[in-house]
Amino acid sequence: MSAFSRLPEGAPVIVGAGLAGVATALAAAPRPVVLVSETDPLQGGASPLAQGGIAAATGPGDSVARHLADTLAVGDGLNDPATARRLLALGPLVIETLERWGVRFDRTPSGDFARAREAGHRLPRIHHVADHTGRALMEALTARLNEAAHVTLLTGVRALAVQVEEGCVAGVFLAGKGETPFFCPSSTVVLATGGAAGLYGARSAPASADGTALALAARAGARLRDPEFVQFHPTALDVPARPLPLLTEALRGAGAVLIDERGVAFTDPLAPRDALARAIARHRAEGHRVFLDARPVGSHLARDFPQFLRTLAVHGFDPGMPVAPVRPAAHYHMGGVLTDASGRTDIPGLFAVGEAAASGLHGANRLASNSLLEAAAMGLLAGAILRETEPAPLPASRLPPRPRRMPRLSREALGVLLDGVMGIWREGERLREALSHLAPLIAEDDQALAAFLMVAAALGRRESRGAQARRDHPEPVHPPRSSVFTLDQARAFADGDVTSLQQQNDDASPFVPSPMEMAHP
Ligand SMILES: Cc1cc2nc3c(=O)[nH]c(=O)nc-3n(C[C@H](O)[C@H](O)[C@H](O)COP(=O)(O)OP(=O)(O)OC[C@H]3O[C@@H](n4cnc5c(N)ncnc54)[C@H](O)[C@@H]3O)c2cc1C
């Protein structure tokens, strides 16, 4: 009997078992939910890879207002301040909830949280479990999930399409590897499938971050927001492995510096990520090699950064000489499916949470360690909505036609294309060529579609802002505007209608704020 035949009828379907999806599922208790994921919560997705930690204003002298100010400074004019405030204000509750779910954040001898400081944060507010915070989070949440009777978890299952009927969600097509797609009727589908930075060749993001949410939501008719904004992590270990192992930002917070082959410290190691990634890429383009020198961290290195030393050893470097070659790598997708703070898209019943969403928290660039916070906070808010909402009656529908999905471009070829045109520097002519190349592939190929949407938005944004640097448009344009558009508008843009990629100032959210108060899930 297929695993699909045992699913609770009409239950909300959460797609993706990273931090956002698992938090949504746990917070929905006691309402029965289905959690499907292509990978196991501990083995796939970005969440178990996270090292540095999770930001929250819990410390003495810190406040939501200060955390918000740092977030807005990095977001370069494209944050939605109201949404950002709402999600950041949940920081202390998120930390408390995660501890209640079994996470044990590092503490000082006096029992307070041991908070680290990372680039762009003016105060130490990163809660961590040594330098393997993501793994620790997902281990604790998986244990909790295993005891959660209201969650039906199916792994090895991919979501292929969201079905929309009469403007509302009617279900989702799921398939195990090599199996025939199965239609799962539900009036609520939550996309928690992570970001799109895994589409790049030079990436620290996992392969699962393949733009699924962008593609599925776009095909369903939802609006997208700012998909051109991809953050490049400045310090991935420069080795042939994929994903490129990341050397955590916290190392620089603890004193590590960036030097070149001459030993010259050529840039400020605590500069914001985009500035640092550009400085490293520029220095490499000038023919230098770049190294992260962790010797200044001193005697704390082994205690606080065991993962870093393990990574060096695994890749053949001597942990006793912690100086490692680094390069920037595609790391995080700020853009995504347009949502409010609770993950609601503009299609009733369709949610997107975590990195899949563009909630307005990050704007044009992400403040370090705000993404685990966003994933958990949106999960708590979306889960609370699932818990409180009566399922909508499903339209008495005929079985919808099965989606035809067929990669038309290999992941390697797509990675080379994105590395070439959607990297740290972009240029109109090359973006236009890439868009023409991708356009004929998007009808069936979800990854080509995700790339198409990102390239279209990068081309439409004729300015340099946040994580986007255009060689042909080096200055920012005022006032700052988000790109908010549908698949049809992106298609029209690619066909030459340059007005169709609406860039709108989005600080007036298109959504009614949730009246629902956060209760303790
Ligand atoms: C190396 C690395 C280090 C990082 N360090 C930090 C950090 O220290 N602090 C911080 O705040 N952020 C960090 N980030 C970012 C952060 O980890 C992510 O933004 C966050 O974990 C995203 O969580 P998520 O639940 O949205 O997605 P993910 O954790 O990526 O989970 C997505 C899930 O969806 C599944 N999926 C994808 N497509 C489908 C499909 N079609 N059908 C079914 N399932 C699907 C995947 O298998 C996976 O289970 C880091 C990222 C990386 C790559």
# chains A, B, ... in the order shown; residues from 1 in each chain; ligands from 1
>>> select_by_dssp(residues="range 106-297 of chain A", states="strand (DSSP E or B)", output="ChimeraX atom specification")
/A:107,113,116,126-127,151-155,157-165,168-176,182-186,189-191,203,224-225,230-237,246,257-260,265,290-293
>>> residues_near_ligand(ligand="ligand 1", cutoff="7 Å", atoms="only C-alpha atoms and all ligand atoms", output="ChimeraX atom specification")
/A:15-21,36-41,44-55,133-134,157-160,192-195,204-206,208-210,212,245-246,331-332,353-356,368-373,375
>>> select_by_dssp(residues="range 298-435 of chain A", states="helix (DSSP H, G or I)", output="JSON, numbers by chain")
{"A": [298, 299, 300, 301, 302, 303, 304, 306, 307, 308, 309, 310, 311, 312, 313, 314, 354, 355, 356, 370, 371, 372, 373, 374, 375, 376, 377, 378, 379, 380, 381, 382, 383, 384, 385, 386, 387, 388, 411, 412, 413, 414, 415, 416, 417, 418, 419, 420, 421, 428, 429, 430, 431, 432, 433, 434, 435]}
>>> residues_around(residues="range 475-492 of chain A", least_positions_apart="4", cutoff="7 Å", atoms="only C-alpha atoms", output="ChimeraX atom specification")
/A:77-78,218-219,221-226,453,456-457,463-465,496-497,500-506
>>> residues_around(residues="Glu139 in chain A", least_positions_apart="2", cutoff="9 Å", atoms="only C-alpha atoms", output="PyMOL selection string")
chain A and resi 41-42+48+102-103+134-137+141-144
>>> closest_residue(among="A:Pro8, A:Gly298, A:Gly253, A:Gly201", to="Arg125 in chain A", atoms="only C-alpha atoms")
A:Gly253
>>> closest_atom_pairs(of="range 290-401 of chain A", to="range 413-424 of chain A", cutoff="12 Å", atoms="only C-alpha atoms", output="Markdown table")
| residue | atom | partner | partner_atom | distance |
| --- | --- | --- | --- | --- |
| A:Arg327 | CA | A:Ile424 | CA | 11.7 |
| A:Pro328 | CA | A:Ile424 | CA | 8.7 |
| A:Ala329 | CA | A:Gly423 | CA | 9.0 |
| A:Ala330 | CA | A:Gly423 | CA | 7.9 |
| A:His331 | CA | A:Gly423 | CA | 11.2 |
>>> decode(residues="range 285-307 of chain A", atoms="C-alpha atoms", output="PDB file, in the first residue's frame")
ATOM      1  CA  ALA A 285      40.191  38.940  -9.599  1.00  0.00           C
ATOM      2  CA  GLU A 286      43.378  41.002  -9.180  1.00  0.00           C
ATOM      3  CA  GLY A 287      45.289  37.727  -8.951  1.00  0.00           C
ATOM      4  CA  HIS A 288      45.621  37.277  -5.186  1.00  0.00           C
ATOM      5  CA  ARG A 289      44.747  34.275  -3.088  1.00  0.00           C
ATOM      6  CA  VAL A 290      42.688  34.986   0.006  1.00  0.00           C
ATOM      7  CA  PHE A 291      42.962  33.219   3.371  1.00  0.00           C
ATOM      8  CA  LEU A 292      41.030  33.289   6.594  1.00  0.00           C
ATOM      9  CA  ASP A 293      43.611  33.470   9.365  1.00  0.00           C
ATOM     10  CA  ALA A 294      42.081  32.131  12.587  1.00  0.00           C
ATOM     11  CA  ARG A 295      45.276  32.301  14.626  1.00  0.00           C
ATOM     12  CA  PRO A 296      44.216  35.542  16.377  1.00  0.00           C
ATOM     13  CA  VAL A 297      41.256  33.667  17.941  1.00  0.00           C
ATOM     14  CA  GLY A 298      43.860  32.080  20.216  1.00  0.00           C
ATOM     15  CA  SER A 299      43.230  29.466  22.832  1.00  0.00           C
ATOM     16  CA  HIS A 300      39.418  29.595  22.449  1.00  0.00           C
ATOM     17  CA  LEU A 301      39.603  28.204  18.923  1.00  0.00           C
ATOM     18  CA  ALA A 302      39.411  24.510  19.827  1.00  0.00           C
ATOM     19  CA  ARG A 303      36.692  25.053  22.426  1.00  0.00           C
ATOM     20  CA  ASP A 304      34.431  27.369  20.416  1.00  0.00           C
ATOM     21  CA  PHE A 305      35.067  26.260  16.847  1.00  0.00           C
ATOM     22  CA  PRO A 306      35.468  22.471  16.787  1.00  0.00           C
ATOM     23  CA  GLN A 307      33.523  22.268  13.506  1.00  0.00           C
TER      24      GLN A 307
END
